[in-house]
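run_22.csv (CSV, C-alpha atoms and all ligand atoms) appears below.
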chain,number,residue,atom,x,y,z
A,155,MET,CA,0.0,0.0,0.0
A,156,SER,CA,1.4,3.4,-0.9
A,157,GLU,CA,1.8,6.2,1.7
A,158,GLN,CA,-1.1,8.0,0.1
A,159,GLU,CA,-3.4,5.1,0.5
A,160,LYS,CA,-2.9,4.7,4.2
A,161,ASN,CA,-5.2,6.4,6.6
A,162,ILE,CA,-3.6,9.2,8.7
A,163,THR,CA,-3.0,8.3,12.3
A,164,PHE,CA,-4.0,10.3,15.4
A,165,ALA,CA,-2.2,10.8,18.7
A,166,TYR,CA,-2.9,13.0,21.6
A,167,TRP,CA,-0.7,14.7,24.2
A,168,VAL,CA,-1.1,13.1,27.6
A,169,PRO,CA,-1.7,16.0,30.1
A,170,ASN,CA,0.6,14.4,32.8
A,171,VAL,CA,1.9,17.9,33.7
A,172,SER,CA,-0.4,20.5,35.2
A,173,GLY,CA,-1.8,23.5,33.4
A,174,GLY,CA,-2.9,21.9,30.2
A,175,LEU,CA,-1.4,22.5,26.8
A,176,VAL,CA,-1.7,26.3,26.7
A,177,VAL,CA,0.1,28.9,28.8
A,178,SER,CA,-3.1,30.8,29.5
A,179,ASN,CA,-5.4,31.6,32.4
A,180,ILE,CA,-8.5,30.6,30.4
A,181,GLU,CA,-10.7,28.0,32.1
A,182,GLN,CA,-9.5,24.5,31.1
A,183,ARG,CA,-11.5,21.4,32.0
A,184,THR,CA,-8.3,19.4,31.6
A,185,ASP,CA,-6.7,17.8,34.6
A,186,TRP,CA,-3.3,16.2,35.1
A,187,SER,CA,-4.4,13.6,37.7
A,188,TYR,CA,-4.1,9.9,37.0
A,189,GLU,CA,-7.9,9.4,37.3
A,190,TYR,CA,-8.6,12.0,34.6
A,191,ASN,CA,-5.9,10.6,32.4
A,192,VAL,CA,-7.3,7.1,32.6
A,193,ARG,CA,-10.7,8.3,31.5
A,194,LEU,CA,-9.1,10.3,28.7
A,195,ALA,CA,-7.1,7.4,27.5
A,196,GLN,CA,-10.2,5.2,27.5
A,197,THR,CA,-12.2,7.9,25.6
A,198,ALA,CA,-9.4,8.3,23.1
A,199,GLU,CA,-9.0,4.7,22.2
A,200,LYS,CA,-12.8,4.5,21.6
A,201,ASN,CA,-12.6,7.6,19.4
A,202,GLY,CA,-10.0,6.7,16.8
A,203,PHE,CA,-6.8,7.6,18.5
A,204,ASP,CA,-4.0,5.1,18.1
A,205,TYR,CA,-1.3,6.8,20.3
A,206,ALA,CA,-0.9,8.9,23.4
A,207,LEU,CA,2.3,10.8,24.1
A,208,THR,CA,3.5,11.6,27.6
A,209,GLN,CA,5.7,14.5,28.5
A,210,ILE,CA,8.9,14.4,30.5
A,211,ARG,CA,9.6,17.4,32.7
A,212,PHE,CA,11.7,17.6,35.8
A,213,THR,CA,10.8,21.1,37.0
A,214,ALA,CA,8.3,23.8,36.5
A,215,GLY,CA,9.6,27.1,35.0
A,216,TYR,CA,6.7,28.5,33.0
A,217,GLY,CA,3.6,27.0,34.5
A,218,ALA,CA,3.4,23.2,34.6
A,219,ASP,CA,3.9,23.3,38.3
A,220,ASN,CA,3.4,19.6,38.8
A,221,GLN,CA,4.8,16.9,36.6
A,222,HIS,CA,4.2,13.2,36.7
A,223,GLU,CA,7.1,11.1,35.5
A,224,SER,CA,6.5,9.8,31.9
A,225,VAL,CA,7.5,6.1,31.9
A,226,SER,CA,5.6,5.1,35.1
A,227,PHE,CA,2.7,7.2,34.0
A,228,SER,CA,2.7,5.6,30.6
A,229,HIS,CA,2.6,2.2,32.2
A,230,GLY,CA,-0.3,3.3,34.4
A,231,LEU,CA,-2.3,4.2,31.3
A,232,LEU,CA,-1.4,1.0,29.5
A,233,ALA,CA,-2.7,-1.0,32.4
A,234,LYS,CA,-6.2,0.6,32.0
A,235,THR,CA,-6.5,0.5,28.3
A,236,GLU,CA,-6.7,-2.2,25.6
A,237,ARG,CA,-5.6,-0.9,22.3
A,238,LEU,CA,-3.9,2.4,22.7
A,239,LYS,CA,-0.1,2.6,22.3
A,240,VAL,CA,1.5,5.0,24.8
A,241,ILE,CA,4.7,6.8,23.9
A,242,ALA,CA,6.9,7.5,26.9
A,243,ALA,CA,9.2,10.5,26.6
A,244,ILE,CA,12.7,9.9,27.7
A,245,LEU,CA,15.6,12.4,28.1
A,246,PRO,CA,19.2,11.1,27.5
A,247,GLY,CA,21.1,12.5,30.4
A,248,PRO,CA,18.9,11.6,33.3
A,249,TRP,CA,18.2,8.3,31.5
A,250,LYS,CA,20.9,5.8,30.5
A,251,PRO,CA,20.1,3.5,27.6
A,252,ALA,CA,20.7,0.3,29.5
A,253,LEU,CA,18.1,1.2,32.1
A,254,ALA,CA,15.7,2.6,29.5
A,255,ALA,CA,16.0,-0.5,27.3
A,256,LYS,CA,15.3,-2.8,30.2
A,257,GLN,CA,12.5,-0.8,31.7
A,258,LEU,CA,10.7,-0.4,28.3
A,259,ALA,CA,11.2,-4.1,27.4
A,260,THR,CA,9.4,-5.1,30.7
A,261,ILE,CA,6.6,-2.6,30.0
A,262,ASP,CA,6.3,-4.1,26.6
A,263,HIS,CA,5.6,-7.5,28.1
A,264,LEU,CA,3.2,-6.1,30.8
A,265,SER,CA,1.2,-4.2,28.1
A,266,GLY,CA,1.0,-6.8,25.4
A,267,GLY,CA,3.4,-4.8,23.1
A,268,ARG,CA,1.9,-1.3,23.4
A,269,ILE,CA,4.7,0.8,24.7
A,270,ALA,CA,6.7,3.2,22.4
A,271,VAL,CA,9.4,5.8,23.2
A,272,ASN,CA,10.0,9.4,22.4
A,273,VAL,CA,13.7,10.3,22.7
A,274,VAL,CA,13.8,14.0,23.4
A,275,SER,CA,17.1,15.8,23.3
A,276,GLY,CA,16.4,18.6,25.7
A,277,TRP,CA,15.9,22.4,25.4
A,278,PHE,CA,15.1,23.3,29.0
A,279,ARG,CA,18.6,24.0,30.5
A,280,GLY,CA,17.1,25.2,33.8
A,281,GLU,CA,15.9,21.7,34.6
A,282,PHE,CA,19.2,20.1,33.7
A,283,ASP,CA,21.0,22.6,35.9
A,284,ALA,CA,18.5,22.0,38.7
A,285,ILE,CA,19.1,18.2,38.8
A,286,GLY,CA,22.8,18.4,38.3
A,287,GLU,CA,22.9,17.0,34.7
A,288,GLU,CA,25.5,18.1,32.2
A,289,TRP,CA,24.2,20.3,29.4
A,290,PRO,CA,26.1,19.6,26.2
A,291,GLU,CA,25.7,22.2,23.4
A,292,HIS,CA,22.9,21.8,20.9
A,293,ASP,CA,24.3,19.5,18.2
A,294,GLN,CA,26.2,17.4,20.8
A,295,ARG,CA,22.8,16.7,22.4
A,296,TYR,CA,21.8,15.1,19.1
A,297,VAL,CA,25.0,13.1,18.9
A,298,ARG,CA,24.2,11.7,22.3
A,299,SER,CA,20.5,11.0,21.4
A,300,GLU,CA,21.6,9.2,18.2
A,301,GLU,CA,23.9,7.0,20.3
A,302,PHE,CA,21.0,6.5,22.7
A,303,ILE,CA,18.7,5.3,19.9
A,304,ARG,CA,21.4,3.1,18.3
A,305,THR,CA,22.0,1.4,21.6
A,306,LEU,CA,18.3,0.9,22.3
A,307,LYS,CA,17.9,-0.8,19.0
A,308,GLY,CA,21.1,-2.8,19.4
A,309,VAL,CA,20.1,-4.1,22.9
A,310,TRP,CA,16.5,-4.8,21.8
A,311,THR,CA,17.5,-6.8,18.7
A,312,GLN,CA,20.9,-8.4,19.3
A,313,ASP,CA,22.5,-10.8,21.7
A,314,GLN,CA,26.0,-9.9,23.0
A,315,PHE,CA,25.6,-6.4,21.9
A,316,SER,CA,28.7,-4.2,21.9
A,317,PHE,CA,29.0,-0.5,21.3
A,318,ASP,CA,31.8,2.0,21.7
A,319,GLY,CA,30.4,5.5,21.5
A,320,LYS,CA,31.4,8.9,22.8
A,321,TYR,CA,28.6,8.8,25.4
A,322,TYR,CA,27.7,5.2,25.8
A,323,GLN,CA,29.5,1.8,25.8
A,324,PHE,CA,28.2,-1.7,25.9
A,325,LYS,CA,30.2,-4.9,26.0
A,326,ASP,CA,28.8,-8.3,25.0
A,327,TYR,CA,25.5,-7.4,26.6
A,328,THR,CA,22.4,-9.6,26.2
A,329,LEU,CA,19.0,-8.4,27.3
A,330,LYS,CA,16.5,-11.0,28.3
A,331,PRO,CA,13.6,-11.0,27.7
A,332,LYS,CA,13.7,-9.0,24.5
A,333,PRO,CA,10.6,-6.8,23.9
A,334,LEU,CA,7.5,-8.4,22.4
A,335,GLN,CA,7.4,-5.9,19.5
A,336,LYS,CA,9.5,-6.8,16.4
A,337,PRO,CA,11.8,-5.7,15.1
A,338,HIS,CA,11.8,-3.5,18.2
A,339,ILE,CA,9.7,-1.0,20.2
A,340,GLU,CA,8.9,2.0,18.0
A,341,ILE,CA,11.2,5.0,18.5
A,342,PHE,CA,10.0,8.6,18.1
A,343,GLN,CA,12.1,11.7,18.4
A,344,GLY,CA,11.2,15.4,18.9
A,345,GLY,CA,13.1,18.3,17.4
A,346,SER,CA,13.3,20.0,14.0
A,347,SER,CA,16.7,21.7,13.8
A,348,ARG,CA,19.2,20.5,11.1
A,349,ALA,CA,20.8,18.1,13.7
A,350,ALA,CA,17.4,16.7,14.6
A,351,ARG,CA,16.4,16.2,11.0
A,352,ASP,CA,19.7,14.5,10.2
A,353,MET,CA,19.2,12.2,13.2
A,354,ALA,CA,15.7,11.3,12.0
A,355,SER,CA,17.0,10.5,8.5
A,356,ARG,CA,19.4,8.0,10.0
A,357,VAL,CA,17.9,6.3,13.0
A,358,SER,CA,14.4,7.3,14.2
A,359,ASP,CA,11.2,5.4,13.2
A,360,TRP,CA,9.1,8.6,13.7
A,361,TYR,CA,10.0,12.3,13.6
A,362,PHE,CA,7.8,14.7,15.6
A,363,THR,CA,7.8,18.4,14.8
A,364,ASN,CA,6.2,21.5,16.1
A,365,GLY,CA,3.1,22.9,14.5
A,366,ASN,CA,3.6,24.9,11.3
A,367,THR,CA,2.1,25.8,8.0
A,368,PRO,CA,1.8,23.1,5.3
A,369,GLU,CA,4.6,24.9,3.3
A,370,GLU,CA,7.1,24.9,6.2
A,371,ILE,CA,6.2,21.3,7.2
A,372,LYS,CA,6.7,20.2,3.6
A,373,LYS,CA,10.2,21.7,3.5
A,374,GLN,CA,11.1,19.6,6.5
A,375,ILE,CA,9.6,16.4,5.2
A,376,ASP,CA,11.2,16.7,1.8
A,377,ASP,CA,14.6,17.3,3.5
A,378,ILE,CA,14.3,14.3,5.8
A,379,ARG,CA,12.9,11.9,3.2
A,380,GLU,CA,15.6,12.8,0.7
A,381,LYS,CA,18.3,12.3,3.3
A,382,ALA,CA,16.6,9.1,4.6
A,383,LYS,CA,16.5,7.7,1.1
A,384,ALA,CA,20.2,8.2,0.7
A,385,ASN,CA,20.7,6.4,4.1
A,386,ASN,CA,18.4,3.6,3.1
A,387,HIS,CA,16.2,4.4,6.0
A,388,SER,CA,12.5,5.3,6.2
A,389,VAL,CA,10.9,7.6,8.7
A,390,LYS,CA,7.3,8.6,9.4
A,391,ILE,CA,6.3,12.1,10.3
A,392,GLY,CA,4.1,13.4,13.1
A,393,VAL,CA,3.0,17.1,13.4
A,394,ASN,CA,1.7,18.9,16.4
A,395,ALA,CA,-1.6,20.7,16.2
A,396,PHE,CA,-3.8,22.4,18.9
A,397,ILE,CA,-7.2,21.4,17.6
A,398,ILE,CA,-10.2,23.7,18.3
A,399,ALA,CA,-13.2,22.1,16.5
A,400,ARG,CA,-16.6,23.8,17.0
A,401,ASP,CA,-19.9,23.8,15.2
A,402,THR,CA,-19.1,27.2,13.6
A,403,GLU,CA,-15.8,28.9,12.6
A,404,GLN,CA,-16.7,31.9,14.6
A,405,GLU,CA,-17.0,29.9,17.8
A,406,ALA,CA,-13.6,28.2,17.2
A,407,GLN,CA,-11.9,31.5,16.4
A,408,ALA,CA,-13.4,33.1,19.5
A,409,VAL,CA,-11.9,30.3,21.7
A,410,LEU,CA,-8.5,30.9,20.1
A,411,GLN,CA,-8.8,34.6,20.8
A,412,GLU,CA,-9.8,34.0,24.4
A,413,ILE,CA,-6.8,31.7,24.9
A,414,ILE,CA,-4.4,34.3,23.6
A,415,ASP,CA,-6.2,37.3,25.4
A,416,LYS,CA,-5.9,35.4,28.7
A,417,ALA,CA,-2.2,34.3,28.1
A,418,ASN,CA,-0.1,34.2,31.2
A,419,ILE,CA,2.3,36.8,29.9
A,420,GLN,CA,5.1,36.3,32.3
A,421,ALA,CA,5.1,32.5,31.9
A,422,VAL,CA,5.0,32.8,28.0
A,423,HIS,CA,8.0,35.1,28.1
A,424,ALA,CA,9.9,32.8,30.5
A,425,PHE,CA,9.1,29.9,28.2
A,426,GLY,CA,10.2,31.9,25.1
A,427,ASP,CA,13.5,32.7,26.9
A,428,ALA,CA,14.1,29.0,27.7
A,429,THR,CA,13.4,27.9,24.1
A,430,ARG,CA,16.5,29.9,23.0
A,431,GLU,CA,18.5,26.9,24.1
A,432,ALA,CA,16.7,24.8,21.4
A,433,GLY,CA,17.4,25.0,17.6
A,434,ALA,CA,17.9,28.8,17.8
A,435,SER,CA,21.2,28.1,19.6
A,436,SER,CA,22.5,25.8,16.8
A,437,ILE,CA,24.9,27.1,14.0
A,438,GLU,CA,22.0,27.3,11.5
A,439,GLY,CA,19.7,29.0,14.1
A,440,GLU,CA,16.8,26.8,12.8
A,441,GLY,CA,14.5,24.5,14.7
A,442,ASN,CA,11.5,24.4,17.0
A,443,TRP,CA,10.5,27.8,18.3
A,444,ALA,CA,13.3,29.6,16.3
A,445,LYS,CA,10.6,31.8,14.6
A,446,SER,CA,7.8,31.6,17.1
A,447,THR,CA,5.8,34.8,18.0
A,448,PHE,CA,4.3,35.5,21.4
A,449,GLU,CA,1.0,34.1,20.2
A,450,ASP,CA,2.6,30.9,18.9
A,451,LEU,CA,4.3,30.3,22.3
A,452,VAL,CA,1.0,30.4,24.1
A,453,GLN,CA,0.7,26.8,22.9
A,454,TYR,CA,3.8,24.8,23.9
A,455,ASN,CA,4.7,23.4,20.5
A,456,ASP,CA,3.4,26.0,18.1
A,457,GLY,CA,0.1,24.1,17.7
A,458,PHE,CA,-2.0,27.1,16.6
A,459,LYS,CA,0.2,27.5,13.5
A,460,THR,CA,-1.0,24.2,12.0
A,461,ASN,CA,-4.5,25.8,11.9
A,462,LEU,CA,-6.7,22.9,12.8
A,463,ILE,CA,-9.1,25.5,14.1
A,464,GLY,CA,-12.6,25.8,12.7
A,465,THR,CA,-15.5,23.6,11.8
A,466,PRO,CA,-15.2,19.8,11.5
A,467,GLN,CA,-15.3,20.1,7.7
A,468,GLN,CA,-12.5,22.7,7.6
A,469,ILE,CA,-10.4,20.7,9.9
A,470,ALA,CA,-10.9,17.5,8.1
A,471,GLU,CA,-9.9,19.1,4.8
A,472,ARG,CA,-6.7,20.6,6.3
A,473,ILE,CA,-5.8,17.2,7.8
A,474,VAL,CA,-6.1,15.6,4.4
A,475,GLU,CA,-4.0,18.3,2.9
A,476,LEU,CA,-1.3,17.6,5.5
A,477,LYS,CA,-1.5,14.0,4.6
A,478,SER,CA,-1.0,14.8,0.9
A,479,ILE,CA,2.3,16.5,1.7
A,480,GLY,CA,3.6,13.4,3.5
A,481,VAL,CA,2.3,13.8,7.1
A,482,ASP,CA,1.6,10.4,8.7
A,483,LEU,CA,0.3,11.4,12.1
A,484,ILE,CA,-1.4,14.3,13.8
A,485,LEU,CA,-0.4,14.9,17.4
A,486,SER,CA,-3.2,16.8,18.9
A,487,GLY,CA,-3.8,19.0,21.9
A,488,PHE,CA,-7.1,20.2,23.2
A,489,LEU,CA,-8.4,22.8,25.6
A,490,HIS,CA,-10.9,20.5,27.4
A,491,PHE,CA,-9.4,17.2,26.6
A,492,ILE,CA,-12.0,14.5,27.3
A,493,GLU,CA,-15.0,16.3,25.9
A,494,GLU,CA,-13.1,17.5,22.8
A,495,VAL,CA,-11.5,14.1,22.0
A,496,GLU,CA,-15.0,12.8,22.0
A,497,TYR,CA,-16.2,15.6,19.7
A,498,PHE,CA,-13.3,15.0,17.4
A,499,GLY,CA,-14.0,11.3,17.2
A,500,GLN,CA,-17.6,11.8,16.4
A,501,LYS,CA,-17.6,14.9,14.2
A,502,VAL,CA,-14.2,15.3,12.6
A,503,LEU,CA,-12.7,11.8,12.2
A,504,PRO,CA,-15.6,10.4,10.1
A,505,LEU,CA,-15.1,13.3,7.6
A,506,VAL,CA,-11.4,12.7,7.4
A,507,ARG,CA,-12.0,9.0,6.6
A,508,GLN,CA,-14.6,10.0,4.0
A,509,LEU,CA,-12.2,12.4,2.3
A,510,GLU,CA,-9.4,9.8,2.4
A,511,ALA,CA,-11.7,7.2,0.8
A,512,GLN,CA,-12.6,9.7,-2.0
A,513,GLN,CA,-8.9,10.4,-2.6
A,514,GLN,CA,-8.2,6.7,-2.8
A,515,VAL,CA,-10.9,6.2,-5.4
A,516,LEU,CA,-9.2,9.0,-7.4
A,517,ILE,CA,-5.8,7.5,-7.0
A,518,ALA,CA,-7.1,4.1,-8.1
A,519,ALA,CA,-8.8,5.6,-11.1
A,520,LYS,CA,-5.6,7.4,-12.2
A,521,SER,CA,-3.5,4.3,-11.9
A,522,ALA,CA,-6.1,2.0,-13.7
A,601,LIG,C1,6.1,16.4,19.8
A,601,LIG,C2,7.3,16.8,20.7
A,601,LIG,C3,7.3,16.3,22.0
A,601,LIG,C4,8.3,16.7,22.8
A,601,LIG,N1,8.3,16.3,24.1
A,601,LIG,C5,9.3,16.7,25.0
A,601,LIG,C6,9.2,16.3,26.4
A,601,LIG,O1,8.3,15.6,26.8
A,601,LIG,N2,10.2,16.8,27.2
A,601,LIG,C7,11.2,17.6,26.7
A,601,LIG,O2,12.1,18.0,27.5
A,601,LIG,N3,11.3,18.0,25.4
A,601,LIG,C8,10.3,17.6,24.5
A,601,LIG,N4,10.4,17.9,23.2
A,601,LIG,C9,11.5,18.8,22.8
A,601,LIG,C10,12.5,18.1,21.8
A,601,LIG,O3,13.0,17.0,22.2
A,601,LIG,C11,13.6,19.1,21.4
A,601,LIG,O4,14.4,19.3,22.5
A,601,LIG,C12,13.1,20.4,21.0
A,601,LIG,O5,12.0,20.2,20.1
A,601,LIG,C13,14.1,21.3,20.3
A,601,LIG,O6,14.5,20.7,19.1
A,601,LIG,P1,15.4,21.5,18.1
A,601,LIG,O7,16.6,22.0,18.9
A,601,LIG,O8,15.9,20.4,17.2
A,601,LIG,O9,14.7,22.5,17.4
A,601,LIG,C14,9.4,17.6,22.3
A,601,LIG,C15,9.3,18.0,21.0
A,601,LIG,C16,8.3,17.6,20.2
A,601,LIG,C17,8.2,18.2,18.8
Would you mind writing the file's structure down as C-alpha cells?
Ligand SMILES: Cc1cc2nc3c(=O)[nH]c(=O)nc-3n(C[C@H](O)[C@H](O)[C@H](O)COP(=O)(O)O)c2cc1C
Amino acid sequence: MSEQEKNITFAYWVPNVSGGLVVSNIEQRTDWSYEYNVRLAQTAEKNGFDYALTQIRFTAGYGADNQHESVSFSHGLLAKTERLKVIAAILPGPWKPALAAKQLATIDHLSGGRIAVNVVSGWFRGEFDAIGEEWPEHDQRYVRSEEFIRTLKGVWTQDQFSFDGKYYQFKDYTLKPKPLQKPHIEIFQGGSSRAARDMASRVSDWYFTNGNTPEEIKKQIDDIREKAKANNHSVKIGVNAFIIARDTEQEAQAVLQEIIDKANIQAVHAFGDATREAGASSIEGEGNWAKSTFEDLVQYNDGFKTNLIGTPQQIAERIVELKSIGVDLILSGFLHFIEEVEYFGQKVLPLVRQLEAQQQVLIAAKSA
C-alpha cells in the first residue's frame, strides 16, 4: 500500500503535567491527575486515537507546576487501556540507555506490546542545571541522542551487543527477555533543527515536529525523506496541532482569541527565553521555536500554526492536505481534553476518513 493510500494516524498529548497545553489563564476542564488521564485514554481509544504521548519534565519554570514522570505514567495508562499505544518521553542524560531498554522491554511485556518511546534531546537548560545533569551544546545533544537510539535498537535486537560510542558503551550485553514488538519498540524523536532532521533520517522510526504551515512542514519532510532515502532508512512524520473544533468557525476563532487574550504573559516570556537553548542556539539557528511569535508560544509546541481550528469540515480538509504532503500522524492537543477528544472522534474523524476514501478512489482511477 502506498503512503497516500494509508489512513492518517491520530495521537494526543497526555496531560501528565499540570496547566494543560496552553500557557493561559483561560478555564481548562483538563486535569493532570491519573484518574482524569485514565478516563481520557479510554475515551481516546474509543474515538479513533492510536497513540498517546506523555511528556517528560523535571521542574516547572513557566507554569506546569506539577509533573508526573513519563515512563511510570505511561505504564499506568497501558494497564487501564486495551488498544492504545502509549509513547513514553525519555531524556538522554537523566536516563541511561541500559536502564531505558530494560524498563521499556518489561513494560512491553506487561502491556502486550503497546509501549513506544520518544527520545527528546532537551531544550530546558534550567531543569538540567537543577538536577545536576551536564548540558552539552545543541548539536552534541543530538550526537548523544543518536547513540542512545542506536544502543536501544542494538540491545533490543541483538545478543552480546557491543557499542563503543562517545557517550555510551556496551560490552557483550544480552538483554532478556527482548521486547515483544518486532523488530523493536517504536522509536519517536522530537526536534526540528538540522541536527534533529539529520538524526531522523538515520535512526528514528518517527519524527515529531512542532506545529507549522503546510509549506514549512513540507520543506522539513522533503529534506528528511531525501536524506533518509540516501541512508536507506525510512521515517514517518508526526506534526503537532492544537485542535479547536466547534460547530461554527466563529466559535472556534473566539476560543483561540480568548486563549491568547488570557495568556499568562510572564510565563509565556519565561518559556520563550528558555526555548532559545533549542534550535535557535544551533549554528543554523533553525528548529523548534526559532521563529515563534508571542501568540505561537501560548501553545507549547506552536500548535496554533497548524491551523486545525474551525468547523469539523474545515479541519478534516486541512488534515487531508497535510496527509497529501507526507504527514503520517497528527499529534493533537485540546483545551478541554476528554470532551473535545469525543467531539473529534464523532464529528471530525468520520469526515477525514470520508475524504481519504474519496482520494483513494481518485488514485485508483488514475493508476487504472
Ligand atoms: C512532539 C514533541 C514532543 C516533545 N516532548 C518533549 C518532552 O516531553 N520533554 C522535553 O524536554 N522535550 C520535549 N520535546 C522537545 C524536543 O526533544 C527538542 O528538545 C526540541 O524540540 C528542540 O528541538 P530542536 O533543537 O531540534 O529544534 C518535544 C518536542 C516535540 C516536537
For segment 351-403 of chain A against segment 166-189 of chain A, with a cut-off of 12 Å and counting all atoms listed in the file, what is the closest atom pair and its distance in Å to one decimal for every residue that makes the cut, ordered by chain and number, as CSV?
residue,atom,partner,partner_atom,distance
A:Gly392,CA,A:Tyr166,CA,11.0
A:Val393,CA,A:Tyr166,CA,10.9
A:Asn394,CA,A:Tyr166,CA,9.1
A:Ala395,CA,A:Tyr166,CA,9.5
A:Phe396,CA,A:Leu175,CA,8.3
A:Ile397,CA,A:Tyr166,CA,10.2
| Distance criterion (all atoms listed in the file): nearest to Lys383 of chain A out of A:Thr367, A:Ser346, A:Ser355, A:Thr197 | A:Ser355
| task | Can you work out the spacing between atom CA of Tyr454 of chain A and atom CA of Glu494 of chain A in Å, to one decimal? | result | 18.4 Å
| request: Could you tell me, counting only C-alpha atoms and all ligand atoms, which protein and nucleic acid residues lie no more than 9 Å from ligand LIG 601 (chain A), written as a PyMOL selection string? | output: chain A and resi 167+207-212+224+242-245+272-278+281+292-293+295-296+342-351+361-365+392-394+429-436+439-444+455+485
Could those selected residues go to a file with C-alpha atoms, as a PDB file, in the frame of the given file?
ATOM      1  CA  TRP A 167      -0.700  14.700  24.200  1.00  0.00           C
ATOM      2  CA  LEU A 207       2.300  10.800  24.100  1.00  0.00           C
ATOM      3  CA  THR A 208       3.500  11.600  27.600  1.00  0.00           C
ATOM      4  CA  GLN A 209       5.700  14.500  28.500  1.00  0.00           C
ATOM      5  CA  ILE A 210       8.900  14.400  30.500  1.00  0.00           C
ATOM      6  CA  ARG A 211       9.600  17.400  32.700  1.00  0.00           C
ATOM      7  CA  PHE A 212      11.700  17.600  35.800  1.00  0.00           C
ATOM      8  CA  SER A 224       6.500   9.800  31.900  1.00  0.00           C
ATOM      9  CA  ALA A 242       6.900   7.500  26.900  1.00  0.00           C
ATOM     10  CA  ALA A 243       9.200  10.500  26.600  1.00  0.00           C
ATOM     11  CA  ILE A 244      12.700   9.900  27.700  1.00  0.00           C
ATOM     12  CA  LEU A 245      15.600  12.400  28.100  1.00  0.00           C
ATOM     13  CA  ASN A 272      10.000   9.400  22.400  1.00  0.00           C
ATOM     14  CA  VAL A 273      13.700  10.300  22.700  1.00  0.00           C
ATOM     15  CA  VAL A 274      13.800  14.000  23.400  1.00  0.00           C
ATOM     16  CA  SER A 275      17.100  15.800  23.300  1.00  0.00           C
ATOM     17  CA  GLY A 276      16.400  18.600  25.700  1.00  0.00           C
ATOM     18  CA  TRP A 277      15.900  22.400  25.400  1.00  0.00           C
ATOM     19  CA  PHE A 278      15.100  23.300  29.000  1.00  0.00           C
ATOM     20  CA  GLU A 281      15.900  21.700  34.600  1.00  0.00           C
ATOM     21  CA  HIS A 292      22.900  21.800  20.900  1.00  0.00           C
ATOM     22  CA  ASP A 293      24.300  19.500  18.200  1.00  0.00           C
ATOM     23  CA  ARG A 295      22.800  16.700  22.400  1.00  0.00           C
ATOM     24  CA  TYR A 296      21.800  15.100  19.100  1.00  0.00           C
ATOM     25  CA  PHE A 342      10.000   8.600  18.100  1.00  0.00           C
ATOM     26  CA  GLN A 343      12.100  11.700  18.400  1.00  0.00           C
ATOM     27  CA  GLY A 344      11.200  15.400  18.900  1.00  0.00           C
ATOM     28  CA  GLY A 345      13.100  18.300  17.400  1.00  0.00           C
ATOM     29  CA  SER A 346      13.300  20.000  14.000  1.00  0.00           C
ATOM     30  CA  SER A 347      16.700  21.700  13.800  1.00  0.00           C
ATOM     31  CA  ARG A 348      19.200  20.500  11.100  1.00  0.00           C
ATOM     32  CA  ALA A 349      20.800  18.100  13.700  1.00  0.00           C
ATOM     33  CA  ALA A 350      17.400  16.700  14.600  1.00  0.00           C
ATOM     34  CA  ARG A 351      16.400  16.200  11.000  1.00  0.00           C
ATOM     35  CA  TYR A 361      10.000  12.300  13.600  1.00  0.00           C
ATOM     36  CA  PHE A 362       7.800  14.700  15.600  1.00  0.00           C
ATOM     37  CA  THR A 363       7.800  18.400  14.800  1.00  0.00           C
ATOM     38  CA  ASN A 364       6.200  21.500  16.100  1.00  0.00           C
ATOM     39  CA  GLY A 365       3.100  22.900  14.500  1.00  0.00           C
ATOM     40  CA  GLY A 392       4.100  13.400  13.100  1.00  0.00           C
ATOM     41  CA  VAL A 393       3.000  17.100  13.400  1.00  0.00           C
ATOM     42  CA  ASN A 394       1.700  18.900  16.400  1.00  0.00           C
ATOM     43  CA  THR A 429      13.400  27.900  24.100  1.00  0.00           C
ATOM     44  CA  ARG A 430      16.500  29.900  23.000  1.00  0.00           C
ATOM     45  CA  GLU A 431      18.500  26.900  24.100  1.00  0.00           C
ATOM     46  CA  ALA A 432      16.700  24.800  21.400  1.00  0.00           C
ATOM     47  CA  GLY A 433      17.400  25.000  17.600  1.00  0.00           C
ATOM     48  CA  ALA A 434      17.900  28.800  17.800  1.00  0.00           C
ATOM     49  CA  SER A 435      21.200  28.100  19.600  1.00  0.00           C
ATOM     50  CA  SER A 436      22.500  25.800  16.800  1.00  0.00           C
ATOM     51  CA  GLY A 439      19.700  29.000  14.100  1.00  0.00           C
ATOM     52  CA  GLU A 440      16.800  26.800  12.800  1.00  0.00           C
ATOM     53  CA  GLY A 441      14.500  24.500  14.700  1.00  0.00           C
ATOM     54  CA  ASN A 442      11.500  24.400  17.000  1.00  0.00           C
ATOM     55  CA  TRP A 443      10.500  27.800  18.300  1.00  0.00           C
ATOM     56  CA  ALA A 444      13.300  29.600  16.300  1.00  0.00           C
ATOM     57  CA  ASN A 455       4.700  23.400  20.500  1.00  0.00           C
ATOM     58  CA  LEU A 485      -0.400  14.900  17.400  1.00  0.00           C
TER      59      LEU A 485
END
| said: Give me the residues near Val481 of chain A as a PyMOL selection string, where near means some atom within 7 Å (using only C-alpha atoms) and where sequence neighbours in that chain fewer than 3 positions away do not count. | reply: chain A and resi 391-392+476-477
| said: Distance cut-off 10 Å, centre (0.1, 8.2, 18.4) in file coordinates, counting only C-alpha atoms: which residues qualify? Return them as a ChimeraX atom specification. | reply: /A:163-167,203-207,238-241,270,342,392,483-486
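What separates atom CA of Asp456 of chain A from atom CA of Lys200 of chain A is a distance of 27.1 Å.
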| request: Pick out the residues sitting within 7 Å of segment 334-336 of chain A, and hand them over as JSON, numbers by chain; count only C-alpha atoms, and ignore anything fewer than 6 positions along from it in its own chain. | output: {"A": [262, 263, 267]}
Those selected residues, please, written with C-alpha atoms and delivered as a PDB file, in the coordinates of the input.
ATOM      1  CA  ASP A 262       6.300  -4.100  26.600  1.00  0.00           C
ATOM      2  CA  HIS A 263       5.600  -7.500  28.100  1.00  0.00           C
ATOM      3  CA  GLY A 267       3.400  -4.800  23.100  1.00  0.00           C
TER       4      GLY A 267
END
| query | What does the distance from atom CA of Lys372 of chain A to atom CA of Gln513 of chain A come to in Å, to one decimal? | reply | 19.4 Å
| Near Ile473 of chain A, counting only C-alpha atoms, which residues have an atom at most 10 Å away, once you skip same-chain residues fewer than 6 positions from it, shown as JSON, numbers by chain? | {"A": [162, 368, 460, 461, 462, 467, 481, 483, 484, 502, 503, 506, 509, 510]}
